[in-house]
Amino acid sequence: MKKSIIKNILSIAALGTIATSCNSWLDGVPNKSSVLEETVWETEESAESYLNGFYTYIDKYGQFGGNQYSGALTESLTDAFKYGSSTLGYRAGHENQYVMMPEVITVGSNHLSLWGTAYTNIRRINQYLRDMERYSTYGEEKETVWKAQALFLRALVYFNLAKRHPGVIIYDDLPTDGQKARSTEEETWDFIEADLEYAAAHLPKTWNSANEGRITYGAVKAFQSRVFLYAKRWQKAYDAAVEVEKLEQEGIYGLVNDYTQAWKGSNKEAILQFFYRSLNGPSHNFDKNYVPACDGYEYGATGTPTQEMVECYETKTGEKFDWEPWHSGSNTTRPPYEELEPRFAASVIYPGSVWKGRTMDCSVDGVNGTYMDYDSKDYSWGQTTTGYFLKKLLDENLIDVQGTASSQTWVDIRYAEVLLNKAEAAYMLGKEASEYQAPMNRVRARVGLPAKTSTGEEWFADYRNERKVELAYEGHLYWDMVRWRRCHIEYNNYRCHGFKIEGGNYTYVDVDHADRRFLERQYVVPIPADEMRNNSLIEQYPEWK
């Protein structure tokens, strides 16, 4: 029987929380469509392999996956990122249409929706849990640890639903007829909390070398520090972050010294991560989507950072840089980019920076980075409409972009985020200023920036900018702005900008050609039309009736 199971194994890459290499325990996942329920539980190895398949959800909901925004970056819904095409398509005109003509977002068509795929994933996990009760004979100790991992991953999926929908359909078992009402928002967060509490109570701080990379107690607590911010359960978010800090004292987690390594994985800052393989395993196309054409792939650079994002970076001495001289007409002086703090150069390819051994032009007719006016061509493939290219998350060591898939690690949770989560929770709890200043200032100190001593609303504005810069392009900004209810304030009636560089002149240009807008109903992602048609007990959210 074991031989028949092996025939139905799908090769996948390993994921981990603190692993230093690809995990052998995730070498394969049974294909459930061709393996009987009982067969999965014939051996301990096959039962565990099926559980391992749920770890791929960390990939799917990350920046290298396709479930957050139909494969595009949600940063394009903010002032931080610009897709260069007006022609409809993914990582192209669709994203520009959403920010300029939000009326196109409907119950029947919403690229932020993941309802169907999420419930497919939830069903698979619930079937695994049910079948464990029916068929497993491997003892309570092992089954408890399997269940804890499965519940963490179910909570991960439900979290991605909950941050879109104020109350969803809760399934703790397999559905019977598909007819079920949605729970309240609080009940949804309660359900997620319960899954995570079970996981935290039954998962270890570390695993042995054979299982290194599985979800740990620290990963659960780090995730809780994020989840409870969305749920506005400030004390629980604060307490979860404190538990992760305790693990730093034990040498498990911490900030790495070099920010350029902070999001790359396999270090003490990585708390939850997913490994890829360029060969014989899942890979991704992030480099193909975002490299400049001079990297040898002409269909990259579908989107690029905006000038608005660049202006969020302070100087190396912690001051706000004065960009006003570059905001009108043309300026023959190159902006002193080198005066900006280190996270800028780590995140953005800018004119004069070095990328893969080339000094980047980012100019009209530039050899190393070519500028094009927005909407002057159907697609911006390989070119920039803002005068910049994305650097963060790309693999600078990947030379053959055309012929080699990307395999850099996706780090879903890192220690810097936990510190920022703690700072926000402390502020929301009304704690003493030092309680919310200290965690954020630790993050700033890593890149040599002075401490912020602001308090109250001024501090919270500083915090929002700090979080935007520290976690740039890691998938947080849009959802942060949604949970803070600031999109209708900051993302309405504005345009994004860039620099058109020609003959040494830096011309500040409008890269949108129309005002961006945000409708208040967009804070809620509607229940899809298919669910409304097929489930007589479901009720649409008031914003979308």
# chains A, B, ... in the order shown; residues from 1 in each chain; ligands from 1

call {"tool": "residues_around", "arguments": {"residues": "Cys362 in chain A", "least_positions_apart": "4", "cutoff": "8 Å", "atoms": "only C-alpha atoms", "output": "PDB file with N, CA and C atoms, in the first residue's frame"}}
result
ATOM      1  N   TYR A 350      17.174  53.005  -8.156  1.00  0.00           N
ATOM      2  CA  TYR A 350      17.008  54.420  -8.478  1.00  0.00           C
ATOM      3  C   TYR A 350      18.108  54.865  -9.450  1.00  0.00           C
ATOM      4  N   PRO A 351      17.948  56.004 -10.096  1.00  0.00           N
ATOM      5  CA  PRO A 351      18.963  56.471 -11.049  1.00  0.00           C
ATOM      6  C   PRO A 351      20.328  56.616 -10.369  1.00  0.00           C
ATOM      7  N   GLY A 366      17.310  55.138 -21.781  1.00  0.00           N
ATOM      8  CA  GLY A 366      18.354  54.585 -20.938  1.00  0.00           C
ATOM      9  C   GLY A 366      18.669  53.152 -21.314  1.00  0.00           C
ATOM     10  N   ASN A 368      20.409  50.989 -19.248  1.00  0.00           N
ATOM     11  CA  ASN A 368      20.151  50.223 -18.036  1.00  0.00           C
ATOM     12  C   ASN A 368      18.950  50.822 -17.303  1.00  0.00           C
ATOM     13  N   GLY A 369      17.781  50.451 -17.789  1.00  0.00           N
ATOM     14  CA  GLY A 369      16.558  51.005 -17.229  1.00  0.00           C
ATOM     15  C   GLY A 369      16.010  52.092 -18.120  1.00  0.00           C
ATOM     16  N   THR A 370      14.900  51.821 -18.779  1.00  0.00           N
ATOM     17  CA  THR A 370      14.339  52.757 -19.749  1.00  0.00           C
ATOM     18  C   THR A 370      13.009  53.316 -19.257  1.00  0.00           C
ATOM     19  N   TYR A 371      12.887  54.641 -19.338  1.00  0.00           N
ATOM     20  CA  TYR A 371      11.646  55.312 -18.941  1.00  0.00           C
ATOM     21  C   TYR A 371      10.683  55.374 -20.124  1.00  0.00           C
ATOM     22  N   THR A 384      10.061  51.618 -17.037  1.00  0.00           N
ATOM     23  CA  THR A 384       9.513  52.270 -15.857  1.00  0.00           C
ATOM     24  C   THR A 384       8.729  53.513 -16.243  1.00  0.00           C
ATOM     25  N   GLY A 387      10.437  56.253 -13.158  1.00  0.00           N
ATOM     26  CA  GLY A 387      11.857  56.568 -12.999  1.00  0.00           C
ATOM     27  C   GLY A 387      12.550  55.678 -11.995  1.00  0.00           C
ATOM     28  N   TYR A 388      11.837  54.661 -11.470  1.00  0.00           N
ATOM     29  CA  TYR A 388      12.398  53.729 -10.499  1.00  0.00           C
ATOM     30  C   TYR A 388      12.023  52.301 -10.888  1.00  0.00           C
ATOM     31  N   ILE A 501      13.441  61.386 -16.707  1.00  0.00           N
ATOM     32  CA  ILE A 501      14.829  61.845 -16.779  1.00  0.00           C
ATOM     33  C   ILE A 501      15.254  61.878 -18.242  1.00  0.00           C
TER      34      ILE A 501
END

call {"tool": "select_by_dssp", "arguments": {"residues": "range 171-319 of chain A", "states": "strand (DSSP E or B)", "output": "PyMOL selection string"}}
result
chain A and resi 270-274+284+303-305+315

call {"tool": "residues_around", "arguments": {"residues": "Gly456 in chain A", "least_positions_apart": "2", "cutoff": "12 Å", "atoms": "only C-alpha atoms", "output": "ChimeraX atom specification"}}
result
/A:424,426-434,436-437,452-454,458-463

call {"tool": "write_last_selection", "arguments": {"atoms": "N, CA, C and O atoms", "output": "compact mmCIF listing (two decimals), in the first residue's frame"}}
result
# COMPACT_ATOMS: atom_id res chain seq x y z
N GLU A 424 2.20 49.30 18.16
CA GLU A 424 0.84 49.76 17.85
C GLU A 424 -0.15 49.36 18.93
O GLU A 424 -1.00 50.15 19.34
N ALA A 426 0.48 48.78 22.06
CA ALA A 426 0.73 49.59 23.26
C ALA A 426 0.11 50.97 23.12
O ALA A 426 -0.47 51.51 24.07
N TYR A 427 0.23 51.54 21.95
CA TYR A 427 -0.36 52.87 21.71
C TYR A 427 -1.88 52.81 21.83
O TYR A 427 -2.50 53.66 22.48
N MET A 428 -2.48 51.81 21.22
CA MET A 428 -3.93 51.70 21.26
C MET A 428 -4.44 51.43 22.67
O MET A 428 -5.57 51.77 23.01
N LEU A 429 -3.61 50.82 23.50
CA LEU A 429 -3.98 50.55 24.89
C LEU A 429 -3.80 51.76 25.79
O LEU A 429 -4.16 51.72 26.97
N GLY A 430 -3.22 52.82 25.24
CA GLY A 430 -3.00 54.02 26.04
C GLY A 430 -1.87 53.88 27.04
O GLY A 430 -1.86 54.56 28.08
N LYS A 431 -0.92 53.04 26.75
CA LYS A 431 0.22 52.85 27.65
C LYS A 431 1.13 54.08 27.63
O LYS A 431 1.01 54.96 26.77
N GLU A 432 2.06 54.10 28.57
CA GLU A 432 3.04 55.18 28.62
C GLU A 432 3.78 55.28 27.29
O GLU A 432 4.00 54.27 26.61
N ALA A 433 4.19 56.49 26.93
CA ALA A 433 4.83 56.71 25.63
C ALA A 433 6.03 55.79 25.41
O ALA A 433 6.25 55.29 24.31
N SER A 434 6.79 55.56 26.47
CA SER A 434 7.98 54.72 26.32
C SER A 434 7.62 53.30 25.88
O SER A 434 8.42 52.63 25.21
N TYR A 436 5.29 52.38 23.72
CA TYR A 436 5.11 52.26 22.27
C TYR A 436 6.29 52.82 21.49
O TYR A 436 6.51 52.46 20.34
N GLN A 437 7.05 53.69 22.11
CA GLN A 437 8.22 54.24 21.42
C GLN A 437 9.34 53.19 21.29
O GLN A 437 9.98 53.07 20.24
N LYS A 452 12.53 58.08 17.76
CA LYS A 452 11.42 59.02 17.69
C LYS A 452 10.92 59.28 19.12
O LYS A 452 10.66 58.34 19.87
N THR A 453 10.77 60.54 19.46
CA THR A 453 10.30 60.90 20.80
C THR A 453 8.91 61.51 20.79
O THR A 453 8.43 61.99 21.80
N SER A 454 8.25 61.48 19.64
CA SER A 454 6.91 62.03 19.53
C SER A 454 5.93 61.21 20.36
O SER A 454 6.21 60.06 20.74
N GLU A 458 0.79 62.49 16.88
CA GLU A 458 2.02 62.72 16.11
C GLU A 458 2.83 61.43 16.02
O GLU A 458 3.37 61.09 14.96
N TRP A 459 2.91 60.72 17.14
CA TRP A 459 3.64 59.45 17.11
C TRP A 459 2.96 58.46 16.18
O TRP A 459 3.63 57.76 15.42
N PHE A 460 1.63 58.39 16.23
CA PHE A 460 0.94 57.41 15.39
C PHE A 460 1.16 57.70 13.91
O PHE A 460 1.27 56.77 13.10
N ALA A 461 1.27 58.97 13.55
CA ALA A 461 1.61 59.32 12.16
C ALA A 461 3.04 58.86 11.84
O ALA A 461 3.30 58.34 10.75
N ASP A 462 3.94 59.07 12.79
CA ASP A 462 5.32 58.60 12.61
C ASP A 462 5.34 57.08 12.47
O ASP A 462 6.09 56.53 11.65
N TYR A 463 4.54 56.44 13.29
CA TYR A 463 4.48 54.97 13.27
C TYR A 463 3.97 54.46 11.93
O TYR A 463 4.52 53.51 11.36

call {"tool": "residues_around", "arguments": {"residues": "Lys264 in chain A", "least_positions_apart": "3", "cutoff": "7 Å", "atoms": "only C-alpha atoms", "output": "list in words"}}
result
Gln261, Thr409 and Val411 of chain A

call {"tool": "write_last_selection", "arguments": {"atoms": "C-alpha atoms", "output": "mmCIF file, in the first residue's frame"}}
result
data_model
loop_
_atom_site.group_PDB
_atom_site.id
_atom_site.type_symbol
_atom_site.label_atom_id
_atom_site.label_comp_id
_atom_site.auth_asym_id
_atom_site.auth_seq_id
_atom_site.Cartn_x
_atom_site.Cartn_y
_atom_site.Cartn_z
ATOM 1 C CA GLN A 261 18.923 40.338 4.811
ATOM 2 C CA THR A 409 12.248 32.462 0.145
ATOM 3 C CA VAL A 411 9.141 35.351 4.699
#

call {"tool": "residues_around", "arguments": {"residues": "range 175-187 of chain A", "least_positions_apart": "4", "cutoff": "10 Å", "atoms": "only C-alpha atoms", "output": "PDB file with N, CA and C atoms, in the first residue's frame"}}
result
ATOM      1  N   ARG A 123     -12.054  23.451   3.455  1.00  0.00           N
ATOM      2  CA  ARG A 123     -12.682  22.124   3.345  1.00  0.00           C
ATOM      3  C   ARG A 123     -11.623  21.026   3.414  1.00  0.00           C
ATOM      4  N   ASN A 126     -10.502  20.669   7.000  1.00  0.00           N
ATOM      5  CA  ASN A 126     -11.543  20.057   7.817  1.00  0.00           C
ATOM      6  C   ASN A 126     -11.706  18.569   7.518  1.00  0.00           C
ATOM      7  N   GLN A 127     -11.530  18.205   6.262  1.00  0.00           N
ATOM      8  CA  GLN A 127     -11.611  16.782   5.936  1.00  0.00           C
ATOM      9  C   GLN A 127     -10.455  16.027   6.576  1.00  0.00           C
ATOM     10  N   ALA A 162     -11.175  37.076   6.887  1.00  0.00           N
ATOM     11  CA  ALA A 162     -11.681  38.025   7.878  1.00  0.00           C
ATOM     12  C   ALA A 162     -11.201  39.445   7.637  1.00  0.00           C
ATOM     13  N   LYS A 163     -10.007  39.604   7.071  1.00  0.00           N
ATOM     14  CA  LYS A 163      -9.538  40.969   6.835  1.00  0.00           C
ATOM     15  C   LYS A 163     -10.233  41.602   5.630  1.00  0.00           C
ATOM     16  N   HIS A 165     -13.740  40.578   4.977  1.00  0.00           N
ATOM     17  CA  HIS A 165     -15.173  40.454   5.207  1.00  0.00           C
ATOM     18  C   HIS A 165     -15.493  40.581   6.700  1.00  0.00           C
ATOM     19  N   PRO A 166     -16.413  41.451   7.090  1.00  0.00           N
ATOM     20  CA  PRO A 166     -16.814  41.564   8.497  1.00  0.00           C
ATOM     21  C   PRO A 166     -17.787  40.455   8.881  1.00  0.00           C
ATOM     22  N   GLY A 167     -17.261  39.270   9.098  1.00  0.00           N
ATOM     23  CA  GLY A 167     -18.082  38.111   9.409  1.00  0.00           C
ATOM     24  C   GLY A 167     -18.215  37.201   8.216  1.00  0.00           C
ATOM     25  N   VAL A 168     -17.782  35.940   8.360  1.00  0.00           N
ATOM     26  CA  VAL A 168     -17.817  34.987   7.252  1.00  0.00           C
ATOM     27  C   VAL A 168     -18.505  33.705   7.717  1.00  0.00           C
ATOM     28  N   ILE A 169     -18.641  32.755   6.802  1.00  0.00           N
ATOM     29  CA  ILE A 169     -19.233  31.462   7.148  1.00  0.00           C
ATOM     30  C   ILE A 169     -18.183  30.629   7.883  1.00  0.00           C
ATOM     31  N   ILE A 170     -18.537  30.142   9.052  1.00  0.00           N
ATOM     32  CA  ILE A 170     -17.619  29.353   9.856  1.00  0.00           C
ATOM     33  C   ILE A 170     -17.928  27.871   9.684  1.00  0.00           C
ATOM     34  N   TYR A 171     -16.924  27.119   9.289  1.00  0.00           N
ATOM     35  CA  TYR A 171     -17.035  25.668   9.207  1.00  0.00           C
ATOM     36  C   TYR A 171     -15.958  25.042  10.084  1.00  0.00           C
ATOM     37  N   PHE A 191     -13.374  32.488  16.423  1.00  0.00           N
ATOM     38  CA  PHE A 191     -13.046  31.190  15.837  1.00  0.00           C
ATOM     39  C   PHE A 191     -11.564  31.116  15.493  1.00  0.00           C
ATOM     40  N   ILE A 192     -11.051  32.168  14.870  1.00  0.00           N
ATOM     41  CA  ILE A 192      -9.629  32.218  14.535  1.00  0.00           C
ATOM     42  C   ILE A 192      -8.789  32.164  15.802  1.00  0.00           C
ATOM     43  N   GLU A 193      -9.196  32.918  16.810  1.00  0.00           N
ATOM     44  CA  GLU A 193      -8.454  32.937  18.071  1.00  0.00           C
ATOM     45  C   GLU A 193      -8.394  31.546  18.702  1.00  0.00           C
ATOM     46  N   ALA A 231      -8.289  42.446  14.624  1.00  0.00           N
ATOM     47  CA  ALA A 231      -9.488  42.208  15.421  1.00  0.00           C
ATOM     48  C   ALA A 231      -9.715  43.299  16.464  1.00  0.00           C
ATOM     49  N   GLU A 531     -21.864  32.698  -4.492  1.00  0.00           N
ATOM     50  CA  GLU A 531     -22.264  32.298  -3.144  1.00  0.00           C
ATOM     51  C   GLU A 531     -23.680  32.798  -2.841  1.00  0.00           C
ATOM     52  N   ASN A 534     -26.170  30.509  -4.633  1.00  0.00           N
ATOM     53  CA  ASN A 534     -26.214  29.103  -4.240  1.00  0.00           C
ATOM     54  C   ASN A 534     -26.498  28.864  -2.763  1.00  0.00           C
ATOM     55  N   ASN A 535     -26.411  29.905  -1.965  1.00  0.00           N
ATOM     56  CA  ASN A 535     -26.600  29.760  -0.519  1.00  0.00           C
ATOM     57  C   ASN A 535     -27.759  30.660  -0.098  1.00  0.00           C
ATOM     58  N   SER A 536     -28.916  30.071   0.136  1.00  0.00           N
ATOM     59  CA  SER A 536     -30.113  30.855   0.444  1.00  0.00           C
ATOM     60  C   SER A 536     -30.055  31.506   1.827  1.00  0.00           C
ATOM     61  N   LEU A 537     -29.127  31.079   2.673  1.00  0.00           N
ATOM     62  CA  LEU A 537     -29.048  31.613   4.035  1.00  0.00           C
ATOM     63  C   LEU A 537     -28.041  32.752   4.178  1.00  0.00           C
ATOM     64  N   ILE A 538     -27.271  32.980   3.134  1.00  0.00           N
ATOM     65  CA  ILE A 538     -26.243  34.028   3.234  1.00  0.00           C
ATOM     66  C   ILE A 538     -26.868  35.397   3.010  1.00  0.00           C
ATOM     67  N   GLU A 539     -26.343  36.391   3.701  1.00  0.00           N
ATOM     68  CA  GLU A 539     -26.814  37.767   3.535  1.00  0.00           C
ATOM     69  C   GLU A 539     -25.639  38.650   3.143  1.00  0.00           C
ATOM     70  N   GLN A 540     -25.840  39.452   2.113  1.00  0.00           N
ATOM     71  CA  GLN A 540     -24.785  40.341   1.633  1.00  0.00           C
ATOM     72  C   GLN A 540     -24.530  41.450   2.659  1.00  0.00           C
TER      73      GLN A 540
END

call {"tool": "closest_residue", "arguments": {"among": "A:Tyr198, A:Phe159, A:Trp189, A:Tyr55", "to": "Gln68 in chain A", "atoms": "only C-alpha atoms"}}
result
A:Phe159

call {"tool": "residues_around", "arguments": {"residues": "Thr117 in chain A", "least_positions_apart": "6", "cutoff": "12 Å", "atoms": "only C-alpha atoms", "output": "list in words"}}
result
Tyr57, Lys60, Tyr61, Gly66, Asn67, Gln68, Ser70, Arg123, Arg124, Val157, Tyr158, Asn160, Leu161 and Pro528 of chain A

call {"tool": "residues_around", "arguments": {"residues": "Gly89 in chain A", "least_positions_apart": "3", "cutoff": "12 Å", "atoms": "only C-alpha atoms", "output": "CSV table (one decimal) with C-alpha atoms, in the first residue's frame"}}
result
chain,number,residue,atom,x,y,z
A,70,SER,CA,-5.1,37.9,-8.4
A,71,GLY,CA,-1.3,37.8,-8.6
A,72,ALA,CA,-0.8,41.6,-8.4
A,83,TYR,CA,1.5,49.4,-12.7
A,84,GLY,CA,2.6,50.8,-16.0
A,85,SER,CA,-0.2,49.7,-18.3
A,86,SER,CA,-3.7,51.1,-19.0
A,92,ALA,CA,-1.5,46.0,-15.8
A,93,GLY,CA,-4.7,47.9,-16.5
A,94,HIS,CA,-6.9,46.1,-14.1
A,95,GLU,CA,-5.0,47.5,-11.1
A,96,ASN,CA,-5.1,51.1,-12.5
A,97,GLN,CA,-8.8,50.7,-13.3
A,98,TYR,CA,-9.4,49.7,-9.6
A,111,HIS,CA,-10.0,40.8,-7.9
A,302,THR,CA,5.1,45.5,-15.0
A,378,ASP,CA,-0.1,49.2,-24.4
A,379,TYR,CA,2.2,47.6,-21.9

call {"tool": "closest_residue", "arguments": {"among": "A:Ala345, A:Pro335, A:Tyr374, A:Asp322", "to": "Gly303 in chain A", "atoms": "only C-alpha atoms"}}
result
A:Tyr374

call {"tool": "select_by_dssp", "arguments": {"residues": "range 345-503 of chain A", "states": "helix (DSSP H, G or I)", "output": "ChimeraX atom specification"}}
result
/A:345-347,415-428,433-446,456-470,477-483,487-490

call {"tool": "closest_residue", "arguments": {"among": "A:Thr74, A:Val244, A:Met100, A:His284", "to": "Asp512 in chain A", "atoms": "only C-alpha atoms"}}
result
A:Met100

call {"tool": "closest_residue", "arguments": {"among": "A:Pro292, A:Lys545, A:Tyr491, A:Trp479", "to": "Val99 in chain A", "atoms": "only C-alpha atoms"}}
result
A:Tyr491

call {"tool": "atom_distance", "arguments": {"atom1": "CA of Ala529 in chain A", "atom2": "CA of Thr120 in chain A"}}
result
16.8 Å

call {"tool": "closest_residue", "arguments": {"among": "A:Thr43, A:Thr359, A:Asn492, A:Asn285", "to": "Tyr135 in chain A", "atoms": "only C-alpha atoms"}}
result
A:Thr43

call {"tool": "atom_distance", "arguments": {"atom1": "CA of Asp173 in chain A", "atom2": "CA of Gln149 in chain A"}}
result
16.3 Å

call {"tool": "closest_residue", "arguments": {"among": "A:Thr56, A:Ser407, A:Gln249, A:Asn397", "to": "Leu279 in chain A", "atoms": "only C-alpha atoms"}}
result
A:Ser407

call {"tool": "atom_distance", "arguments": {"atom1": "CA of Thr39 in chain A", "atom2": "CA of Ser136 in chain A"}}
result
10.7 Å

call {"tool": "decode", "arguments": {"residues": "range 207-216 of chain A", "atoms": "all heavy atoms", "output": "PDB file, in the first residue's frame"}}
result
ATOM      1  N   TRP A 207      11.846  22.517  16.824  1.00  0.00           N
ATOM      2  CA  TRP A 207      11.726  21.121  16.441  1.00  0.00           C
ATOM      3  C   TRP A 207      13.114  20.497  16.351  1.00  0.00           C
ATOM      4  O   TRP A 207      14.119  21.217  16.273  1.00  0.00           O
ATOM      5  CB  TRP A 207      11.030  20.995  15.086  1.00  0.00           C
ATOM      6  CG  TRP A 207       9.592  21.389  15.088  1.00  0.00           C
ATOM      7  CD1 TRP A 207       9.084  22.649  15.020  1.00  0.00           C
ATOM      8  CD2 TRP A 207       8.470  20.510  15.145  1.00  0.00           C
ATOM      9  NE1 TRP A 207       7.713  22.634  15.032  1.00  0.00           N
ATOM     10  CE2 TRP A 207       7.297  21.327  15.109  1.00  0.00           C
ATOM     11  CE3 TRP A 207       8.328  19.129  15.225  1.00  0.00           C
ATOM     12  CZ2 TRP A 207       6.014  20.785  15.138  1.00  0.00           C
ATOM     13  CZ3 TRP A 207       7.035  18.587  15.252  1.00  0.00           C
ATOM     14  CH2 TRP A 207       5.898  19.416  15.215  1.00  0.00           C
ATOM     15  N   ASN A 208      13.173  19.169  16.314  1.00  0.00           N
ATOM     16  CA  ASN A 208      14.464  18.523  16.074  1.00  0.00           C
ATOM     17  C   ASN A 208      14.879  18.739  14.630  1.00  0.00           C
ATOM     18  O   ASN A 208      14.113  19.251  13.820  1.00  0.00           O
ATOM     19  CB  ASN A 208      14.420  17.034  16.436  1.00  0.00           C
ATOM     20  CG  ASN A 208      13.399  16.261  15.596  1.00  0.00           C
ATOM     21  OD1 ASN A 208      13.103  16.629  14.459  1.00  0.00           O
ATOM     22  ND2 ASN A 208      12.861  15.197  16.156  1.00  0.00           N
ATOM     23  N   SER A 209      16.097  18.389  14.302  1.00  0.00           N
ATOM     24  CA  SER A 209      16.644  18.698  12.971  1.00  0.00           C
ATOM     25  C   SER A 209      15.840  18.047  11.860  1.00  0.00           C
ATOM     26  O   SER A 209      15.727  18.598  10.767  1.00  0.00           O
ATOM     27  CB  SER A 209      18.111  18.261  12.888  1.00  0.00           C
ATOM     28  OG  SER A 209      18.236  16.870  13.164  1.00  0.00           O
ATOM     29  N   ALA A 210      15.252  16.877  12.126  1.00  0.00           N
ATOM     30  CA  ALA A 210      14.485  16.192  11.090  1.00  0.00           C
ATOM     31  C   ALA A 210      13.201  16.927  10.747  1.00  0.00           C
ATOM     32  O   ALA A 210      12.661  16.775   9.653  1.00  0.00           O
ATOM     33  CB  ALA A 210      14.169  14.765  11.537  1.00  0.00           C
ATOM     34  N   ASN A 211      12.705  17.728  11.688  1.00  0.00           N
ATOM     35  CA  ASN A 211      11.460  18.460  11.466  1.00  0.00           C
ATOM     36  C   ASN A 211      11.647  19.961  11.509  1.00  0.00           C
ATOM     37  O   ASN A 211      10.667  20.709  11.606  1.00  0.00           O
ATOM     38  CB  ASN A 211      10.434  18.062  12.526  1.00  0.00           C
ATOM     39  CG  ASN A 211       9.857  16.683  12.278  1.00  0.00           C
ATOM     40  OD1 ASN A 211       9.022  16.498  11.403  1.00  0.00           O
ATOM     41  ND2 ASN A 211      10.319  15.714  13.037  1.00  0.00           N
ATOM     42  N   GLU A 212      12.886  20.388  11.415  1.00  0.00           N
ATOM     43  CA  GLU A 212      13.149  21.816  11.483  1.00  0.00           C
ATOM     44  C   GLU A 212      12.418  22.542  10.356  1.00  0.00           C
ATOM     45  O   GLU A 212      12.518  22.168   9.191  1.00  0.00           O
ATOM     46  CB  GLU A 212      14.652  22.079  11.371  1.00  0.00           C
ATOM     47  CG  GLU A 212      15.052  23.491  11.703  1.00  0.00           C
ATOM     48  CD  GLU A 212      16.556  23.642  11.766  1.00  0.00           C
ATOM     49  OE1 GLU A 212      17.255  22.861  11.080  1.00  0.00           O
ATOM     50  OE2 GLU A 212      17.023  24.532  12.481  1.00  0.00           O
ATOM     51  N   GLY A 213      11.675  23.562  10.718  1.00  0.00           N
ATOM     52  CA  GLY A 213      10.913  24.317   9.735  1.00  0.00           C
ATOM     53  C   GLY A 213       9.420  24.228   9.917  1.00  0.00           C
ATOM     54  O   GLY A 213       8.676  24.991   9.309  1.00  0.00           O
ATOM     55  N   ARG A 214       8.964  23.320  10.758  1.00  0.00           N
ATOM     56  CA  ARG A 214       7.523  23.269  11.005  1.00  0.00           C
ATOM     57  C   ARG A 214       7.087  24.462  11.857  1.00  0.00           C
ATOM     58  O   ARG A 214       7.901  25.146  12.473  1.00  0.00           O
ATOM     59  CB  ARG A 214       7.157  21.964  11.711  1.00  0.00           C
ATOM     60  CG  ARG A 214       7.314  20.732  10.820  1.00  0.00           C
ATOM     61  CD  ARG A 214       6.724  19.502  11.475  1.00  0.00           C
ATOM     62  NE  ARG A 214       6.880  18.337  10.614  1.00  0.00           N
ATOM     63  CZ  ARG A 214       6.061  18.008   9.621  1.00  0.00           C
ATOM     64  NH1 ARG A 214       5.018  18.777   9.360  1.00  0.00           N
ATOM     65  NH2 ARG A 214       6.282  16.939   8.887  1.00  0.00           N
ATOM     66  N   ILE A 215       5.788  24.687  11.879  1.00  0.00           N
ATOM     67  CA  ILE A 215       5.228  25.791  12.655  1.00  0.00           C
ATOM     68  C   ILE A 215       5.556  25.598  14.131  1.00  0.00           C
ATOM     69  O   ILE A 215       5.410  24.499  14.670  1.00  0.00           O
ATOM     70  CB  ILE A 215       3.702  25.877  12.453  1.00  0.00           C
ATOM     71  CG1 ILE A 215       3.389  26.171  10.992  1.00  0.00           C
ATOM     72  CG2 ILE A 215       3.088  26.945  13.346  1.00  0.00           C
ATOM     73  CD1 ILE A 215       1.964  25.859  10.601  1.00  0.00           C
ATOM     74  N   THR A 216       5.973  26.651  14.753  1.00  0.00           N
ATOM     75  CA  THR A 216       6.362  26.613  16.150  1.00  0.00           C
ATOM     76  C   THR A 216       5.427  27.464  17.002  1.00  0.00           C
ATOM     77  O   THR A 216       4.608  28.236  16.497  1.00  0.00           O
ATOM     78  CB  THR A 216       7.789  27.160  16.322  1.00  0.00           C
ATOM     79  OG1 THR A 216       7.794  28.530  15.885  1.00  0.00           O
ATOM     80  CG2 THR A 216       8.788  26.352  15.527  1.00  0.00           C
TER      81      THR A 216
END
